[in-house]
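Worksheet for the structure shown next.
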Amino acid sequence: MQQTAKELVHKAFYEWTQQDCDKIESLPMSGSNRQYYRITVGKQTYIATYNNHVVENRAFNYFTHHFLAKKISVPRIFYYSADEHCYFQEDLGDRNLLSVIEQKGYTPKVLQLLRQTVKQLATMQIMGSEGIDYKYCVDAKVFDKQAVLNDLLYFKYYFLDVLYIPYSKESLQKDFQALADYLSLIDTRYFMFRDFQSRNIMVRDDQVYFIDYQGGMEGCIYYDIASFLWQAKAQLPQQWKDELLQLYYQEVNLCLVSLGKTPLNFSTFVNQYQGFVLIRMLQVLGAYGFRGIFQQKNHFLLSIPLALRSLKEFIKHKTIAIPTPTLDHVIAMLDTAPALQRFMPADKLPNNCSLNITINSFSYVKGIPTDGNNNGGGFVFDLRGIDNPGRNPDMACKNGSDEAVQIFLVEKTAFLSYMRAVWTLLDTTIDNYLKRNFTSLLINFGCTGGQHRSVYAAIETHAYLKSKYPSISITLNHTNQEHWKRD
């Protein structure tokens with residue numbers, strides 16, 4: 001019988017340590033096919049990665065040892081298996097920079113972490129590029145003109161075209177070509193992370209560490225800082241973006257001077273940086289279109305309004321050296337596309353709007369929550385027809401707010417199809433309630449234990465309604481939380 005990834009990780013751990021582990025816990029998968037586990041031995045923990053993509057493993061292993069030698073903050077790799085399918089690395093915990101921003105808000109402590117991040121990025125890109133061997137790159141070894149065009153076409157095919165926005169294909173192609181020509185002239189002798197965003201930055205003991213850089217290649221410095229400062233979900237204040245860009249510029253020049261290279265001119269630096277902000281934003285919308293519109297993954301659809309807001313804010317102030325009139329016109333029309341209206345915030349609500357929405361998750365074993373507003377109740381949605389992740393031993397003690405449970409429901413069940421039907425009903429009702437000045441709406445999601453399916457349904461509905469109706473008061477309750485199974 002073929003061994004599972006978990007069994008192969010256990011075997012590799014024994015080959016490394018000559019001892020059994022106390023516990024192997026499955027961790028959420030990323031967008032790739034890599035499988036992650038937390039290994040516990042006494043008080044010590046490790047992160048194990050199992051991946052059949054040997055070239056990718058080889059790149060991560062090589063880049064990690066190279067960056068560690070340069071004193072760059074990346075996780076240590078303790079063991080790399082002989083078959084190159086498995087490796088064990090330092091456990092940096094579960095807090096990434098995006099989760100810190102979401103939990104703490106725009107506080108001085110968060111700003112300090114961001115400052116530390118941009119300084120480390122400059123060091124990784126410039127000092128880390130010294131002596132690096134790009135033959136280990138997974139796919140392309142350099143981010144060149146064709147790579148710029150690929151990002152632009154990704155936006156065109158997976159976002160622009162599926163929304164049926166009218167535009168001149170010939171004129172837009174000219175804008176794309178002009179942008180690619182201009183940006184391909186920029187120095188590409190440095191390490192480019194390629195997916196530098198706050199999810200790929202771990203925070204432990206107030207220190208930042210970079211992960212998931214196996215897709216890196218030789219490129220220019222601007223793409224990564226543009227990706228980081230304009231990440232749609234982070235929504236950094238403009239004042240912070242300006243300060244962090246200035247700090248990054250200073251750190252880049254310190255690194256260049258230390259290597260005997262010519263420092264960058266600030267006005268040229270800003271102009272070139274803005275070109276890559278535009279490229280990255282369009283590439284992200286292409287990714288959201290592919291994952292959301294094509295693959296019907298809801299969290300990508302909910303991110304589209306944030307990404308569009310950032311893009312339109314940027315376009316107002318961009319100072320790229322070359323004009324892109326057709327592209328600018330297309331971008332100006334995006335938020336009016338009929339296919340996007342469902343996910344865009346609702347029009348301005350009536351001045352006397354007093355609607356309050358309560359969303360509950362509940363257990364059918366304990367009973368359906370009642371409505372305390374004397375209007376006879378509201379919606380009750382039964383999630384028991386969706387496969388229960390709680391039957392999986394690795395998820396029995398987790399809940400619907402845990403990523404592993406969410407990934408199971410999205411990828412292994414009909415959860416998203418069910419929720420899209422739910423939201424269509426809710427849209428109709430809420431729009432009507434607003435016109436009639438109703439004051440309350442109750443929405444209940446139930447499953448057997450009120451821990452997995454109903455909890456995630458309530459969380460996603462809360463996020464959807466907050467995105468579409470940001471001015472409405474919406475309360476989220478998990479009514480059976482005190483009875484959840486726990487380790």
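In the structure tokens, each chain is lettered A, B, ... as it comes, each chain's residues begin at 1, and ligands are numbered from 1 in order of appearance.
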
For this session: Output as a PyMOL selection string all residues of stretch 164-247 of chain A that backbone DSSP marks as helix (DSSP H, G or I).
Result: chain A and resi 169-183+198-200+222-229+238-247

Could you take the residues named above and write them with N, CA and C atoms, as an mmCIF file, in the first residue's frame?
data_model
loop_
_atom_site.group_PDB
_atom_site.id
_atom_site.type_symbol
_atom_site.label_atom_id
_atom_site.label_comp_id
_atom_site.auth_asym_id
_atom_site.auth_seq_id
_atom_site.Cartn_x
_atom_site.Cartn_y
_atom_site.Cartn_z
ATOM 1 N N LYS A 169 -8.413 46.757 -28.591
ATOM 2 C CA LYS A 169 -7.352 45.777 -28.344
ATOM 3 C C LYS A 169 -6.006 46.272 -28.861
ATOM 4 N N GLU A 170 -6.028 46.920 -30.007
ATOM 5 C CA GLU A 170 -4.781 47.419 -30.585
ATOM 6 C C GLU A 170 -4.169 48.518 -29.713
ATOM 7 N N SER A 171 -4.993 49.457 -29.233
ATOM 8 C CA SER A 171 -4.484 50.554 -28.400
ATOM 9 C C SER A 171 -3.982 50.037 -27.056
ATOM 10 N N LEU A 172 -4.709 49.078 -26.466
ATOM 11 C CA LEU A 172 -4.278 48.527 -25.186
ATOM 12 C C LEU A 172 -2.966 47.769 -25.348
ATOM 13 N N GLN A 173 -2.837 47.032 -26.446
ATOM 14 C CA GLN A 173 -1.602 46.301 -26.703
ATOM 15 C C GLN A 173 -0.418 47.258 -26.833
ATOM 16 N N LYS A 174 -0.652 48.429 -27.441
ATOM 17 C CA LYS A 174 0.412 49.428 -27.551
ATOM 18 C C LYS A 174 0.835 49.932 -26.172
ATOM 19 N N ASP A 175 -0.140 50.163 -25.298
ATOM 20 C CA ASP A 175 0.182 50.579 -23.921
ATOM 21 C C ASP A 175 0.983 49.494 -23.211
ATOM 22 N N PHE A 176 0.554 48.231 -23.361
ATOM 23 C CA PHE A 176 1.275 47.115 -22.744
ATOM 24 C C PHE A 176 2.716 47.056 -23.252
ATOM 25 N N GLN A 177 2.869 47.183 -24.558
ATOM 26 C CA GLN A 177 4.201 47.098 -25.157
ATOM 27 C C GLN A 177 5.093 48.238 -24.673
ATOM 28 N N ALA A 178 4.517 49.448 -24.589
ATOM 29 C CA ALA A 178 5.290 50.605 -24.129
ATOM 30 C C ALA A 178 5.741 50.422 -22.682
ATOM 31 N N LEU A 179 4.833 49.915 -21.840
ATOM 32 C CA LEU A 179 5.198 49.660 -20.439
ATOM 33 C C LEU A 179 6.302 48.610 -20.344
ATOM 34 N N ALA A 180 6.153 47.527 -21.104
ATOM 35 C CA ALA A 180 7.146 46.448 -21.063
ATOM 36 C C ALA A 180 8.503 46.932 -21.565
ATOM 37 N N ASP A 181 8.504 47.737 -22.635
ATOM 38 C CA ASP A 181 9.761 48.285 -23.156
ATOM 39 C C ASP A 181 10.449 49.156 -22.106
ATOM 40 N N TYR A 182 9.674 50.009 -21.469
ATOM 41 C CA TYR A 182 10.225 50.942 -20.476
ATOM 42 C C TYR A 182 10.780 50.200 -19.253
ATOM 43 N N LEU A 183 9.994 49.274 -18.717
ATOM 44 C CA LEU A 183 10.394 48.601 -17.479
ATOM 45 C C LEU A 183 11.497 47.574 -17.707
ATOM 46 N N SER A 198 2.647 40.297 2.869
ATOM 47 C CA SER A 198 2.700 40.127 4.322
ATOM 48 C C SER A 198 2.320 38.730 4.798
ATOM 49 N N ARG A 199 1.662 37.936 3.970
ATOM 50 C CA ARG A 199 1.403 36.535 4.345
ATOM 51 C C ARG A 199 2.691 35.718 4.357
ATOM 52 N N ASN A 200 3.681 36.147 3.597
ATOM 53 C CA ASN A 200 4.944 35.414 3.508
ATOM 54 C C ASN A 200 6.012 35.981 4.428
ATOM 55 N N TYR A 222 12.287 46.754 -7.709
ATOM 56 C CA TYR A 222 11.035 47.477 -7.510
ATOM 57 C C TYR A 222 9.805 46.587 -7.334
ATOM 58 N N TYR A 223 9.785 45.453 -7.985
ATOM 59 C CA TYR A 223 8.584 44.613 -7.991
ATOM 60 C C TYR A 223 8.183 44.205 -6.578
ATOM 61 N N ASP A 224 9.151 43.819 -5.755
ATOM 62 C CA ASP A 224 8.848 43.316 -4.413
ATOM 63 C C ASP A 224 8.346 44.409 -3.477
ATOM 64 N N ILE A 225 8.979 45.572 -3.495
ATOM 65 C CA ILE A 225 8.528 46.645 -2.615
ATOM 66 C C ILE A 225 7.155 47.145 -3.064
ATOM 67 N N ALA A 226 6.897 47.149 -4.368
ATOM 68 C CA ALA A 226 5.568 47.514 -4.874
ATOM 69 C C ALA A 226 4.522 46.512 -4.395
ATOM 70 N N SER A 227 4.841 45.221 -4.467
ATOM 71 C CA SER A 227 3.924 44.174 -4.012
ATOM 72 C C SER A 227 3.585 44.350 -2.539
ATOM 73 N N PHE A 228 4.589 44.680 -1.756
ATOM 74 C CA PHE A 228 4.425 44.765 -0.307
ATOM 75 C C PHE A 228 3.619 45.994 0.109
ATOM 76 N N LEU A 229 4.005 47.167 -0.374
ATOM 77 C CA LEU A 229 3.356 48.396 0.075
ATOM 78 C C LEU A 229 1.924 48.524 -0.440
ATOM 79 N N GLN A 238 -1.571 55.826 3.235
ATOM 80 C CA GLN A 238 -0.661 56.437 2.274
ATOM 81 C C GLN A 238 0.563 57.042 2.956
ATOM 82 N N GLN A 239 0.374 57.642 4.115
ATOM 83 C CA GLN A 239 1.506 58.232 4.840
ATOM 84 C C GLN A 239 2.541 57.164 5.192
ATOM 85 N N TRP A 240 2.059 55.986 5.575
ATOM 86 C CA TRP A 240 2.983 54.891 5.881
ATOM 87 C C TRP A 240 3.700 54.417 4.621
ATOM 88 N N LYS A 241 2.968 54.313 3.512
ATOM 89 C CA LYS A 241 3.605 53.888 2.262
ATOM 90 C C LYS A 241 4.733 54.836 1.887
ATOM 91 N N ASP A 242 4.473 56.137 2.016
ATOM 92 C CA ASP A 242 5.488 57.134 1.658
ATOM 93 C C ASP A 242 6.712 57.015 2.561
ATOM 94 N N GLU A 243 6.480 56.869 3.861
ATOM 95 C CA GLU A 243 7.600 56.757 4.804
ATOM 96 C C GLU A 243 8.406 55.486 4.566
ATOM 97 N N LEU A 244 7.702 54.373 4.357
ATOM 98 C CA LEU A 244 8.385 53.096 4.162
ATOM 99 C C LEU A 244 9.153 53.066 2.845
ATOM 100 N N LEU A 245 8.610 53.709 1.808
ATOM 101 C CA LEU A 245 9.325 53.774 0.539
ATOM 102 C C LEU A 245 10.614 54.577 0.691
ATOM 103 N N GLN A 246 10.551 55.681 1.414
ATOM 104 C CA GLN A 246 11.741 56.500 1.660
ATOM 105 C C GLN A 246 12.782 55.704 2.448
ATOM 106 N N LEU A 247 12.333 54.970 3.470
ATOM 107 C CA LEU A 247 13.251 54.154 4.268
ATOM 108 C C LEU A 247 13.879 53.058 3.407
#

Problem set entry | Contacts of A:Gln481 within 9 Å, only C-alpha atoms, excl. fewer than 6 positions in-chain, as a ChimeraX atom specification | /A:362,450-451

For this session: Measure the distance from atom CA of A:Val410 to atom CA of A:Ser26 in Å and round it to one decimal.
Result: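 Taking atom CA of A:Val410 and atom CA of A:Ser26, their separation equals 17.2 Å.
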
Exercise. What is the distance, in Å and to one decimal place, between atom CA of A:Ala234 and atom CA of A:Lys104?
Worked result: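 So the answer is 11.9 Å.
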
Exercise. Can you list every residue in stretch 356-391 of chain A that DSSP puts in strand (DSSP E), as an MDAnalysis selection string?
Worked result: chainID A and resid 356:363 379:382

Exercise. Which one is closest to A:Val252: A:Thr123, A:Ser267, A:Ser310, A:Ser354? Count only C-alpha atoms.
Worked result: A:Thr123

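Residue nearest A:Thr439, chosen from A:Met419, A:Ile472, A:Cys220, A:Val270 and counting only C-alpha atoms: A:Ile472.
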
Seminar exercise, completed: Min atom-atom distance to A:Tyr158 from the set A:Tyr209, A:Phe290, A:Tyr87, A:Tyr248, counting only C-alpha atoms, belongs to A:Phe290

For this session: With a distance cut-off of 8 Å and only C-alpha atoms, select the neighbouring residues of stretch 72-82 of chain A, excluding the residue or stretch itself and same-chain residues fewer than 2 positions from it, and output the selection as an MDAnalysis selection string.
Result: chainID A and resid 12 16 61 64:65 67:70 84:92 120 123:124 128 208:211

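Here the question is which of A:Pro325, A:Pro166, A:Pro28, A:Pro305 gets nearest to A:Ser467 using only C-alpha atoms, and that residue is A:Pro305.
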
Problem set entry | Nearest to A:Leu160 by atom-to-atom distance, counting only C-alpha atoms, from A:Asn271, A:Gln250, A:Gln197, A:Gln283 |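 Residue with the minimum atom-to-atom distance to A:Leu160: A:Gln283.
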